[in-house]
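J.: Structure: query_4.cif, mmCIF, C-alpha atoms (C1' of nucleotides).
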```
data_upload
#
loop_
_atom_site.group_PDB
_atom_site.id
_atom_site.type_symbol
_atom_site.label_atom_id
_atom_site.label_comp_id
_atom_site.auth_asym_id
_atom_site.auth_seq_id
_atom_site.Cartn_x
_atom_site.Cartn_y
_atom_site.Cartn_z
ATOM 1 C CA MET A 190 0.000 0.000 0.000
ATOM 2 C CA ASP A 191 2.922 2.321 0.598
ATOM 3 C CA GLU A 192 3.957 2.291 -3.036
ATOM 4 C CA ILE A 193 0.466 3.413 -3.912
ATOM 5 C CA LYS A 194 0.837 6.274 -1.455
ATOM 6 C CA ASN A 195 4.113 7.124 -3.119
ATOM 7 C CA LYS A 196 2.526 7.240 -6.517
ATOM 8 C CA LEU A 197 -0.008 9.758 -5.302
ATOM 9 C CA PHE A 198 2.665 11.726 -3.498
ATOM 10 C CA GLU A 199 4.936 11.851 -6.556
ATOM 11 C CA LYS A 200 2.134 13.360 -8.574
ATOM 12 C CA GLY A 201 1.451 15.943 -5.907
ATOM 13 C CA LEU A 202 -1.977 14.594 -5.035
ATOM 14 C CA LYS A 203 -3.423 14.623 -1.557
ATOM 15 C CA ILE A 204 -3.605 11.175 -0.059
ATOM 16 C CA THR A 205 -7.153 10.189 0.736
ATOM 17 C CA PRO A 206 -8.689 6.790 1.481
ATOM 18 C CA GLN A 207 -10.775 7.048 -1.695
ATOM 19 C CA ARG A 208 -7.795 7.704 -3.922
ATOM 20 C CA LEU A 209 -5.812 4.902 -2.329
ATOM 21 C CA ILE A 210 -8.546 2.337 -2.750
ATOM 22 C CA ILE A 211 -9.368 3.402 -6.296
ATOM 23 C CA LEU A 212 -5.757 3.213 -7.416
ATOM 24 C CA GLU A 213 -5.310 -0.124 -5.717
ATOM 25 C CA ALA A 214 -8.442 -1.378 -7.464
ATOM 26 C CA ILE A 215 -7.126 -0.252 -10.848
ATOM 27 C CA TYR A 216 -3.973 -2.264 -10.302
ATOM 28 C CA ASN A 217 -5.937 -5.327 -9.229
ATOM 29 C CA ILE A 218 -8.606 -5.449 -11.904
ATOM 30 C CA SER A 219 -7.745 -5.879 -15.554
ATOM 31 C CA HIS A 220 -8.909 -2.886 -17.552
ATOM 32 C CA PRO A 221 -11.811 -2.016 -15.265
ATOM 33 C CA THR A 222 -14.796 0.095 -16.138
ATOM 34 C CA ALA A 223 -15.908 2.759 -13.659
ATOM 35 C CA ASP A 224 -18.612 0.355 -12.581
ATOM 36 C CA ASP A 225 -16.124 -2.465 -11.983
ATOM 37 C CA LEU A 226 -14.217 -0.163 -9.667
ATOM 38 C CA ILE A 227 -17.300 0.878 -7.727
ATOM 39 C CA LYS A 228 -18.368 -2.732 -7.204
ATOM 40 C CA TYR A 229 -14.879 -3.822 -6.165
ATOM 41 C CA ILE A 230 -14.594 -1.012 -3.648
ATOM 42 C CA ARG A 231 -18.054 -1.501 -2.196
ATOM 43 C CA LYS A 232 -17.336 -5.186 -1.744
ATOM 44 C CA LYS A 233 -14.062 -4.624 0.087
ATOM 45 C CA HIS A 234 -14.684 -1.451 1.964
ATOM 46 C CA SER A 235 -17.453 0.855 2.881
ATOM 47 C CA ASN A 236 -19.383 3.008 0.524
ATOM 48 C CA ILE A 237 -18.018 5.329 -2.118
ATOM 49 C CA ALA A 238 -19.887 7.902 -4.163
ATOM 50 C CA ILE A 239 -20.115 7.353 -7.894
ATOM 51 C CA GLY A 240 -19.317 10.981 -8.564
ATOM 52 C CA THR A 241 -16.176 10.666 -6.491
ATOM 53 C CA VAL A 242 -14.966 7.732 -8.542
ATOM 54 C CA TYR A 243 -15.353 9.665 -11.778
ATOM 55 C CA LYS A 244 -13.698 12.744 -10.320
ATOM 56 C CA VAL A 245 -10.767 10.748 -8.991
ATOM 57 C CA LEU A 246 -10.302 8.911 -12.290
ATOM 58 C CA GLU A 247 -10.339 12.206 -14.144
ATOM 59 C CA LYS A 248 -7.688 13.557 -11.803
ATOM 60 C CA PHE A 249 -5.538 10.441 -12.243
ATOM 61 C CA ILE A 250 -5.681 10.824 -16.012
ATOM 62 C CA GLU A 251 -4.802 14.502 -15.708
ATOM 63 C CA VAL A 252 -1.607 13.796 -13.761
ATOM 64 C CA GLY A 253 -0.674 10.789 -15.895
ATOM 65 C CA LEU A 254 -1.307 7.988 -13.433
ATOM 66 C CA ILE A 255 -3.696 6.105 -15.679
ATOM 67 C CA LYS A 256 -5.076 6.110 -19.213
ATOM 68 C CA LYS A 257 -8.468 5.737 -20.742
ATOM 69 C CA ILE A 258 -8.873 3.014 -23.288
ATOM 70 C CA THR A 259 -11.750 2.682 -25.658
ATOM 71 C CA THR A 260 -13.153 -0.467 -27.149
ATOM 72 C CA GLU A 261 -15.536 -1.368 -29.910
ATOM 73 C CA LYS A 262 -18.139 -1.868 -27.246
ATOM 74 C CA ASP A 263 -18.517 1.746 -26.245
ATOM 75 C CA ILE A 264 -17.703 1.452 -22.572
ATOM 76 C CA VAL A 265 -14.742 3.368 -21.246
ATOM 77 C CA ARG A 266 -12.118 1.366 -19.427
ATOM 78 C CA TYR A 267 -9.107 2.452 -17.449
ATOM 79 C CA ASP A 268 -5.554 1.199 -17.616
ATOM 80 C CA GLY A 269 -2.914 1.708 -14.952
ATOM 81 C CA TYR A 270 -0.058 0.400 -17.034
ATOM 82 C CA MET A 271 1.577 3.485 -18.442
ATOM 83 C CA ASN A 272 4.386 2.127 -20.619
ATOM 84 C CA ASN A 273 3.658 1.925 -24.299
ATOM 85 C CA HIS A 274 1.651 -1.179 -25.030
ATOM 86 C CA HIS A 275 -1.005 -2.607 -27.283
ATOM 87 C CA HIS A 276 -4.240 -4.462 -26.749
ATOM 88 C CA PHE A 277 -5.773 -7.719 -27.811
ATOM 89 C CA TYR A 278 -9.515 -7.369 -28.087
ATOM 90 C CA SER A 279 -11.643 -10.471 -28.098
ATOM 91 C CA SER A 280 -14.184 -10.311 -30.892
ATOM 92 C CA ASP A 281 -16.601 -12.549 -29.013
ATOM 93 C CA SER A 282 -16.314 -11.270 -25.460
ATOM 94 C CA THR A 283 -15.320 -8.173 -23.533
ATOM 95 C CA VAL A 284 -11.898 -9.486 -22.582
ATOM 96 C CA ILE A 285 -8.911 -7.233 -23.230
ATOM 97 C CA LYS A 286 -5.300 -8.274 -22.776
ATOM 98 C CA ASP A 287 -2.210 -6.126 -22.758
ATOM 99 C CA TYR A 288 0.428 -6.814 -25.358
ATOM 100 C CA ILE A 289 3.910 -5.478 -24.704
ATOM 101 C CA ASP A 290 6.418 -5.699 -27.541
ATOM 102 C CA GLU A 291 9.314 -3.288 -27.598
ATOM 103 C CA ASP A 292 10.768 -4.813 -30.761
ATOM 104 C CA LEU A 293 7.563 -4.027 -32.570
ATOM 105 C CA ASP A 294 7.543 -0.504 -31.153
ATOM 106 C CA LYS A 295 11.026 0.020 -32.584
ATOM 107 C CA ILE A 296 10.054 -1.374 -35.974
ATOM 108 C CA LEU A 297 7.074 0.964 -36.139
ATOM 109 C CA GLU A 298 9.083 3.956 -35.034
ATOM 110 C CA GLU A 299 11.671 3.215 -37.696
ATOM 111 C CA TYR A 300 9.006 2.614 -40.314
ATOM 112 C CA PHE A 301 7.296 5.928 -39.745
ATOM 113 C CA LYS A 302 10.589 7.778 -39.512
ATOM 114 C CA ASN A 303 11.453 6.597 -43.017
ATOM 115 C CA LYS A 304 7.944 7.210 -44.243
ATOM 116 C CA ARG A 305 8.173 10.908 -43.427
ATOM 117 C CA ILE A 306 4.516 11.646 -42.913
ATOM 118 C CA ASN A 307 4.940 15.352 -43.321
ATOM 119 C CA ASN A 308 1.737 16.854 -42.078
ATOM 120 C CA PHE A 309 1.460 14.942 -38.838
ATOM 121 C CA ASN A 310 3.623 14.729 -35.719
ATOM 122 C CA ILE A 311 3.273 11.250 -34.298
ATOM 123 C CA GLU A 312 3.141 11.119 -30.523
ATOM 124 C CA GLU A 313 1.994 7.578 -29.876
ATOM 125 C CA ILE A 314 1.105 4.453 -31.800
ATOM 126 C CA THR A 315 -1.205 1.858 -30.328
ATOM 127 C CA LEU A 316 -2.277 -1.366 -31.993
ATOM 128 C CA GLN A 317 -5.771 -2.694 -31.604
ATOM 129 C CA ILE A 318 -5.445 -6.383 -32.339
ATOM 130 C CA LYS A 319 -8.819 -8.008 -32.763
ATOM 131 C CA GLY A 320 -9.425 -11.710 -32.820
ATOM 132 C CA LYS A 321 -10.311 -14.706 -30.697
ATOM 133 C CA PHE A 322 -8.564 -16.196 -27.715
ATOM 134 C CA LYS A 323 -7.957 -19.916 -28.082
ATOM 135 C CA LYS A 324 -9.013 -22.098 -25.191
ATOM 136 C CA MET B 499 -27.236 7.089 -56.069
ATOM 137 C CA ASP B 500 -27.608 3.813 -57.917
ATOM 138 C CA GLU B 501 -24.400 2.403 -56.517
ATOM 139 C CA ILE B 502 -25.761 3.079 -53.063
ATOM 140 C CA LYS B 503 -28.880 1.151 -53.985
ATOM 141 C CA ASN B 504 -26.668 -1.659 -55.182
ATOM 142 C CA LYS B 505 -24.803 -1.758 -51.906
ATOM 143 C CA LEU B 506 -28.036 -2.201 -50.021
ATOM 144 C CA PHE B 507 -29.269 -4.762 -52.515
ATOM 145 C CA GLU B 508 -26.057 -6.786 -52.340
ATOM 146 C CA LYS B 509 -26.440 -7.074 -48.603
ATOM 147 C CA GLY B 510 -30.046 -8.166 -48.920
ATOM 148 C CA LEU B 511 -31.471 -5.059 -47.309
ATOM 149 C CA LYS B 512 -34.739 -3.476 -48.295
ATOM 150 C CA ILE B 513 -34.247 -0.187 -50.077
ATOM 151 C CA THR B 514 -35.860 2.682 -48.193
ATOM 152 C CA PRO B 515 -35.362 6.433 -48.494
ATOM 153 C CA GLN B 516 -33.956 6.534 -44.973
ATOM 154 C CA ARG B 517 -31.331 3.900 -45.664
ATOM 155 C CA LEU B 518 -30.306 5.552 -48.910
ATOM 156 C CA ILE B 519 -29.860 8.963 -47.368
ATOM 157 C CA ILE B 520 -28.031 7.635 -44.314
ATOM 158 C CA LEU B 521 -25.586 5.643 -46.395
ATOM 159 C CA GLU B 522 -25.025 8.564 -48.724
ATOM 160 C CA ALA B 523 -24.388 10.773 -45.713
ATOM 161 C CA ILE B 524 -21.830 8.329 -44.321
ATOM 162 C CA TYR B 525 -19.927 8.467 -47.597
ATOM 163 C CA ASN B 526 -20.024 12.255 -47.646
ATOM 164 C CA ILE B 527 -19.059 13.056 -44.079
ATOM 165 C CA SER B 528 -15.706 12.059 -42.649
ATOM 166 C CA HIS B 529 -16.196 9.694 -39.711
ATOM 167 C CA PRO B 530 -19.571 11.090 -38.690
ATOM 168 C CA THR B 531 -21.202 10.725 -35.317
ATOM 169 C CA ALA B 532 -24.869 9.744 -35.213
ATOM 170 C CA ASP B 533 -25.618 13.371 -34.538
ATOM 171 C CA ASP B 534 -23.618 14.543 -37.570
ATOM 172 C CA LEU B 535 -25.727 12.248 -39.719
ATOM 173 C CA ILE B 536 -29.005 13.496 -38.291
ATOM 174 C CA LYS B 537 -28.040 17.125 -38.860
ATOM 175 C CA TYR B 538 -26.811 16.449 -42.405
ATOM 176 C CA ILE B 539 -30.012 14.643 -43.313
ATOM 177 C CA ARG B 540 -32.312 17.221 -41.752
ATOM 178 C CA LYS B 541 -30.520 19.968 -43.646
ATOM 179 C CA LYS B 542 -30.803 18.258 -47.025
ATOM 180 C CA HIS B 543 -34.066 16.457 -46.804
ATOM 181 C CA SER B 544 -37.069 16.211 -44.613
ATOM 182 C CA ASN B 545 -37.151 14.894 -41.119
ATOM 183 C CA ILE B 546 -35.759 11.639 -39.858
ATOM 184 C CA ALA B 547 -36.270 10.039 -36.469
ATOM 185 C CA ILE B 548 -33.271 9.651 -34.211
ATOM 186 C CA GLY B 549 -34.254 6.106 -33.360
ATOM 187 C CA THR B 550 -34.355 5.257 -37.034
ATOM 188 C CA VAL B 551 -30.810 6.490 -37.545
ATOM 189 C CA TYR B 552 -29.496 4.308 -34.748
ATOM 190 C CA LYS B 553 -31.444 1.283 -35.957
ATOM 191 C CA VAL B 554 -30.234 1.722 -39.525
ATOM 192 C CA LEU B 555 -26.618 2.137 -38.410
ATOM 193 C CA GLU B 556 -26.880 -0.999 -36.295
ATOM 194 C CA LYS B 557 -28.214 -2.887 -39.292
ATOM 195 C CA PHE B 558 -25.438 -1.591 -41.549
ATOM 196 C CA ILE B 559 -22.813 -2.762 -39.063
ATOM 197 C CA GLU B 560 -24.517 -6.156 -38.816
ATOM 198 C CA VAL B 561 -24.305 -6.757 -42.563
ATOM 199 C CA GLY B 562 -20.806 -5.311 -42.873
ATOM 200 C CA LEU B 563 -21.553 -2.095 -44.716
ATOM 201 C CA ILE B 564 -19.905 0.149 -42.134
ATOM 202 C CA LYS B 565 -17.804 -0.041 -38.996
ATOM 203 C CA LYS B 566 -17.876 1.668 -35.652
ATOM 204 C CA ILE B 567 -14.778 3.460 -34.602
ATOM 205 C CA THR B 568 -14.050 4.633 -31.127
ATOM 206 C CA THR B 569 -11.942 7.532 -30.055
ATOM 207 C CA GLU B 570 -10.424 8.757 -26.836
ATOM 208 C CA LYS B 571 -13.287 11.136 -26.583
ATOM 209 C CA ASP B 572 -16.036 8.618 -25.936
ATOM 210 C CA ILE B 573 -18.298 9.424 -28.838
ATOM 211 C CA VAL B 574 -19.014 6.698 -31.342
ATOM 212 C CA ARG B 575 -18.250 7.449 -34.965
ATOM 213 C CA TYR B 576 -19.014 5.517 -38.104
ATOM 214 C CA ASP B 577 -16.782 4.650 -41.010
ATOM 215 C CA GLY B 578 -17.968 3.529 -44.425
ATOM 216 C CA TYR B 579 -14.545 2.643 -45.739
ATOM 217 C CA MET B 580 -14.341 -1.124 -45.254
ATOM 218 C CA ASN B 581 -10.857 -1.992 -46.476
ATOM 219 C CA ASN B 582 -8.238 -2.387 -43.806
ATOM 220 C CA HIS B 583 -6.974 0.985 -42.719
ATOM 221 C CA HIS B 584 -5.664 2.910 -39.766
ATOM 222 C CA HIS B 585 -6.481 6.219 -38.158
ATOM 223 C CA PHE B 586 -4.683 9.395 -37.248
ATOM 224 C CA TYR B 587 -6.209 10.951 -34.172
ATOM 225 C CA SER B 588 -5.531 14.554 -33.410
ATOM 226 C CA SER B 589 -4.589 14.967 -29.777
ATOM 227 C CA ASP B 590 -5.898 18.517 -29.700
ATOM 228 C CA SER B 591 -9.072 18.302 -31.724
ATOM 229 C CA THR B 592 -11.688 15.776 -32.786
ATOM 230 C CA VAL B 593 -10.303 15.349 -36.290
ATOM 231 C CA ILE B 594 -9.712 11.814 -37.523
ATOM 232 C CA LYS B 595 -8.005 10.934 -40.783
ATOM 233 C CA ASP B 596 -7.804 7.609 -42.538
ATOM 234 C CA TYR B 597 -4.390 6.155 -43.150
ATOM 235 C CA ILE B 598 -4.124 3.464 -45.790
ATOM 236 C CA ASP B 599 -0.823 1.618 -46.059
ATOM 237 C CA GLU B 600 -0.783 -1.839 -47.556
ATOM 238 C CA ASP B 601 2.974 -2.177 -47.175
ATOM 239 C CA LEU B 602 2.605 -1.675 -43.460
ATOM 240 C CA ASP B 603 -0.226 -4.188 -43.343
ATOM 241 C CA LYS B 604 2.027 -6.746 -44.964
ATOM 242 C CA ILE B 605 4.880 -6.036 -42.580
ATOM 243 C CA LEU B 606 2.583 -6.487 -39.611
ATOM 244 C CA GLU B 607 1.064 -9.657 -40.995
ATOM 245 C CA GLU B 608 4.526 -11.080 -41.535
ATOM 246 C CA TYR B 609 5.705 -9.943 -38.131
ATOM 247 C CA PHE B 610 2.881 -11.643 -36.286
ATOM 248 C CA LYS B 611 3.144 -14.758 -38.426
ATOM 249 C CA ASN B 612 6.736 -15.168 -37.280
ATOM 250 C CA LYS B 613 5.881 -14.206 -33.741
ATOM 251 C CA ARG B 614 3.510 -17.145 -33.394
ATOM 252 C CA ILE B 615 1.197 -15.752 -30.767
ATOM 253 C CA ASN B 616 -0.183 -19.116 -29.850
ATOM 254 C CA ASN B 617 -3.238 -18.385 -27.766
ATOM 255 C CA PHE B 618 -4.813 -15.801 -30.015
ATOM 256 C CA ASN B 619 -6.136 -15.876 -33.567
ATOM 257 C CA ILE B 620 -5.590 -12.472 -35.070
ATOM 258 C CA GLU B 621 -8.423 -11.272 -37.278
ATOM 259 C CA GLU B 622 -7.586 -7.633 -37.745
ATOM 260 C CA ILE B 623 -4.926 -5.136 -36.770
ATOM 261 C CA THR B 624 -5.698 -1.441 -36.592
ATOM 262 C CA LEU B 625 -3.270 1.294 -35.644
ATOM 263 C CA GLN B 626 -4.358 4.257 -33.601
ATOM 264 C CA ILE B 627 -1.818 6.924 -34.409
ATOM 265 C CA LYS B 628 -2.089 9.856 -32.045
ATOM 266 C CA GLY B 629 -0.412 13.180 -32.574
ATOM 267 C CA LYS B 630 -0.889 16.635 -33.995
ATOM 268 C CA PHE B 631 -1.643 17.778 -37.513
ATOM 269 C CA LYS B 632 0.749 20.419 -38.745
ATOM 270 C CA LYS B 633 -0.744 23.510 -40.283
ATOM 271 C "C1'" DG C 1179 -50.675 -9.263 -47.989
ATOM 272 C "C1'" DT C 1180 -47.066 -9.380 -44.583
ATOM 273 C "C1'" DG C 1181 -42.963 -8.994 -42.425
ATOM 274 C "C1'" DG C 1182 -39.600 -5.722 -42.075
ATOM 275 C "C1'" DT C 1183 -39.022 -0.537 -41.292
ATOM 276 C "C1'" DT C 1184 -40.081 3.937 -39.448
ATOM 277 C "C1'" DG C 1185 -41.529 7.677 -36.153
ATOM 278 C "C1'" DC C 1186 -42.194 9.026 -31.720
ATOM 279 C "C1'" DA C 1187 -41.572 9.364 -27.004
ATOM 280 C "C1'" DA C 1188 -40.324 7.356 -22.947
ATOM 281 C "C1'" DA C 1189 -36.846 4.919 -20.714
ATOM 282 C "C1'" DC C 1190 -32.029 3.819 -19.957
ATOM 283 C "C1'" DC C 1191 -27.413 4.085 -18.781
ATOM 284 C "C1'" DC C 1192 -23.232 6.136 -18.081
ATOM 285 C "C1'" DT C 1193 -21.176 10.316 -16.841
ATOM 286 C "C1'" DT C 1194 -21.044 15.129 -15.229
ATOM 287 C "C1'" DT C 1195 -22.245 18.912 -12.264
ATOM 288 C "C1'" DG C 1196 -23.358 21.951 -8.142
ATOM 289 C "C1'" DC C 1197 -23.231 22.584 -3.637
ATOM 290 C "C1'" DA C 1198 -22.726 21.870 1.262
ATOM 291 C "C1'" DC C 1199 -20.070 19.206 4.361
ATOM 292 C "C1'" DG C 1200 -15.863 17.065 5.795
ATOM 293 C "C1'" DG C 1201 -10.985 16.001 6.162
ATOM 294 C "C1'" DC C 1202 -5.970 16.298 4.621
ATOM 295 C "C1'" DA C 1203 -1.847 19.117 4.759
ATOM 296 C "C1'" DT D 1197 -7.256 26.927 9.361
ATOM 297 C "C1'" DG D 1198 -7.834 26.920 4.503
ATOM 298 C "C1'" DC D 1199 -8.554 24.633 0.641
ATOM 299 C "C1'" DC D 1200 -9.159 20.604 -1.716
ATOM 300 C "C1'" DG D 1201 -11.839 16.312 -1.844
ATOM 301 C "C1'" DT D 1202 -16.131 13.858 -1.018
ATOM 302 C "C1'" DG D 1203 -21.123 12.588 -0.932
ATOM 303 C "C1'" DC D 1204 -25.401 13.148 -2.703
ATOM 304 C "C1'" DA D 1205 -28.845 13.893 -5.855
ATOM 305 C "C1'" DA D 1206 -30.241 16.057 -9.854
ATOM 306 C "C1'" DA D 1207 -29.249 16.970 -14.563
ATOM 307 C "C1'" DG D 1208 -27.168 15.884 -18.927
ATOM 308 C "C1'" DG D 1209 -26.294 13.583 -23.241
ATOM 309 C "C1'" DG D 1210 -26.058 9.824 -26.147
ATOM 310 C "C1'" DT D 1211 -28.312 5.547 -27.182
ATOM 311 C "C1'" DT D 1212 -31.970 1.983 -26.852
ATOM 312 C "C1'" DT D 1213 -36.610 0.291 -26.655
ATOM 313 C "C1'" DG D 1214 -41.723 -0.607 -27.397
ATOM 314 C "C1'" DC D 1215 -45.363 -0.090 -30.096
ATOM 315 C "C1'" DA D 1216 -48.500 1.474 -33.614
ATOM 316 C "C1'" DA D 1217 -48.595 2.965 -38.290
ATOM 317 C "C1'" DC D 1218 -46.475 2.364 -42.707
ATOM 318 C "C1'" DC D 1219 -44.386 0.643 -46.822
ATOM 319 C "C1'" DA D 1220 -41.097 -2.224 -49.784
ATOM 320 C "C1'" DC D 1221 -41.238 -6.503 -51.836
#
```
Would you kindly transcribe this structure into structure tokens?

T.:
Amino acid sequence: MDEIKNKLFEKGLKITPQRLIILEAIYNISHPTADDLIKYIRKKHSNIAIGTVYKVLEKFIEVGLIKKITTEKDIVRYDGYMNNHHHFYSSDSTVIKDYIDEDLDKILEEYFKNKRINNFNIEEITLQIKGKFKK
Amino acid sequence: MDEIKNKLFEKGLKITPQRLIILEAIYNISHPTADDLIKYIRKKHSNIAIGTVYKVLEKFIEVGLIKKITTEKDIVRYDGYMNNHHHFYSSDSTVIKDYIDEDLDKILEEYFKNKRINNFNIEEITLQIKGKFKK
DNA sequence: GTGGTTGCAAACCCTTTGCACGGCA
DNA sequence: TGCCGTGCAAAGGGTTTGCAACCAC
């Protein structure tokens, strides 16, 4: 729990029970929706206001603690893993898996450097890889 | 307008004025939201019900005439260009631009073939390229 | 003729907002 | 103590739904 406190501290955020539990929840649930977080927190701890959850998430995004990710299925999810990474999206369920591949990142960087897209400054490239998980 | 009729016919859909105008609108607006479509149609023609627009779009997606695309900014947009392609997302506006690059598609296909991701069947790879358009 | 399609309005769901109270620094 | 964070409930905005009337085939 102390490393979670540190993360808040490093970003200059006040440490509150709500922020601690929300950040912990983000790290413990894979790509949660706001609703996933609320349920998780209400199960473990006492109550939390829905508005608070949204406000805290917004603040976390603002300071760069988490990211929003968007899926085909319209519901916003949150991701606490901040290094560059891609996502596998299941085409027959709501499952999302992270895909980390620094070799690929380098290939893409190189590719676009040579390509010289001259009216666009690339900041970030993310792959959405759709398909089916094998069982 | 006849090629639009053909597209509906090929997919086995009944040809109605609403479907014709919605599909035409999708081809004439870049990555429209549902609301963009409604406004476009109401400007050109007579009225159209909001519910109808959503139902028609859902049907088009079902038969593979269009795709949904999702952005950071939570609003669903529609895309009538069905060949594989990627998107540039402006990080300081809502502009989206298509990016077609068959060489890149081949490189990625090859890359993942060699990678042998063995618990996932890849169906489609889409790049989200975030950055800023130069003026 | 008849099943699919449309219009309309109400319902829904997720998210945002305003404000008074409460608690961290 | 002062200001930021929280809870609550109401409002907002986009999307979905149910049903009667309508129309393409």

J.: Kindly assemble as CSV a list of the chain C residues that lie within 9 Å of chain B, each paired with its nearest atom pair and their distance in Å to one decimal, using all atoms listed in the file, sorted first by chain and then by ascending residue number.

T.:
```
residue,atom,partner,partner_atom,distance
C:DG1182,C1',B:Lys512,CA,8.2
C:DT1183,C1',B:Thr514,CA,8.2
C:DT1184,C1',B:Thr550,CA,6.4
C:DG1185,C1',B:Ala547,CA,5.8
C:DC1186,C1',B:Ala547,CA,7.7
```

J.: Once the PyMOL selection byres ((chain A) within 10 of (chain B)) has been applied to the shown file, what residues remain in the selection, as JSON, numbers by chain?

T.: {"A": [256, 257, 258, 259, 260, 261, 262, 263, 264, 265, 275, 277, 278, 279, 280, 293, 296, 297, 300, 301, 307, 308, 309, 310, 311, 312, 313, 314, 315, 316, 317, 318, 319, 320, 321, 322, 323, 324]}

J.: Please report the interatomic distance between atom CA of A:Ala214 and atom CA of A:Tyr229 in Å with one decimal.

T.: 7.0 Å

J.: Kindly resolve the PyMOL selection byres ((chain C and resi 1188) around 12) on the present coordinates and return the residues as number ranges by chain.

T.: C: 1186-1187, 1189-1190; D: 1212-1215

J.: Suppose we keep C-alpha atoms (C1' of nucleotides); can you now write the selection as a PDB file, in the coordinates of the input?

T.:
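Below is the file that was written, part.pdb:
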```pdb
ATOM      1  C1'  DC C1186     -42.194   9.026 -31.720  1.00  0.00           C
ATOM      2  C1'  DA C1187     -41.572   9.364 -27.004  1.00  0.00           C
ATOM      3  C1'  DA C1189     -36.846   4.919 -20.714  1.00  0.00           C
ATOM      4  C1'  DC C1190     -32.029   3.819 -19.957  1.00  0.00           C
TER       5       DC C1190
ATOM      6  C1'  DT D1212     -31.970   1.983 -26.852  1.00  0.00           C
ATOM      7  C1'  DT D1213     -36.610   0.291 -26.655  1.00  0.00           C
ATOM      8  C1'  DG D1214     -41.723  -0.607 -27.397  1.00  0.00           C
ATOM      9  C1'  DC D1215     -45.363  -0.090 -30.096  1.00  0.00           C
TER      10       DC D1215
END
```

J.: Just how far from atom CA of A:Gly269 is atom CA of A:Gly253, in Å to one decimal?

T.: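 For atom CA of A:Gly253 relative to atom CA of A:Gly269, the distance reads 9.4 Å.
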
J.: Enumerate as number ranges by chain the residues belonging to chain D that approach chain A to within 9 Å, with only C-alpha atoms (C1' of nucleotides) taken into account.

T.: D: 1200-1204

J.: Counting only C-alpha atoms (C1' of nucleotides), what is within 12 Å of D:DA1206, bar same-chain residues fewer than 4 positions away, as a PyMOL selection string?

T.: chain C and resi 1194-1197

J.: Starting from the point (-2.0, 1.4, -43.1), work out which residues of protein, DNA or RNA have an atom no more than 9 Å away when counting all atoms listed in the file; state them as a list in words.

T.: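 Checking each residue against the 9 Å limit leaves Asn582, His583, His584, His585, Asp596, Tyr597, Ile598, Asp599, Glu600, Asp601, Leu602, Asp603, Thr624 and Leu625 of chain B.
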
J.: Please list as a list in words every residue within 12 Å of A:Ser235, counting only C-alpha atoms (C1' of nucleotides) and excluding residues in the same chain fewer than 5 positions away.

T.: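 With the cut-off at 12 Å, the set is Pro206, Gln207, Ile210, Ile227, Lys228, Tyr229 and Ile230 of chain A.
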
J.: Write to file, as a PDB file, keeping the file's coordinate frame, the residues of the selection just made, with C-alpha atoms.

T.:
```pdb
ATOM      1  CA  PRO A 206      -8.689   6.790   1.481  1.00  0.00           C
ATOM      2  CA  GLN A 207     -10.775   7.048  -1.695  1.00  0.00           C
ATOM      3  CA  ILE A 210      -8.546   2.337  -2.750  1.00  0.00           C
ATOM      4  CA  ILE A 227     -17.300   0.878  -7.727  1.00  0.00           C
ATOM      5  CA  LYS A 228     -18.368  -2.732  -7.204  1.00  0.00           C
ATOM      6  CA  TYR A 229     -14.879  -3.822  -6.165  1.00  0.00           C
ATOM      7  CA  ILE A 230     -14.594  -1.012  -3.648  1.00  0.00           C
TER       8      ILE A 230
END
```

J.: Edge lengths and centre in Å to one decimal, as JSON, of the axis-aligned box that encloses all listed atoms of stretch 513-531 of chain B with 3 Å added on every side?

T.:
```
{"center_x": -25.8, "center_y": 6.4, "center_z": -42.7, "size_x": 26.2, "size_y": 19.2, "size_z": 20.8}
```

J.: Have a look at atom CA of B:Ser591 and atom CA of A:Val284 and let me know their distance in Å, one decimal.

T.: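 We find that atom CA of B:Ser591 and atom CA of A:Val284 lie 29.4 Å from each other.
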
J.: Using all atoms listed in the file, which of the listed residues (B:Glu508, B:Asp500, B:Asp590, B:Asp534) sits closest to B:Ile520?

T.: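 For B:Ile520, the nearest of the given residues is B:Asp534.
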
J.: Could you tell me, as number ranges by chain, exactly which residues end up selected when the PyMOL selection byres ((chain A and resi 216-222) around 6) is applied to this structure?

T.: A: 213-215, 223-225, 266-268
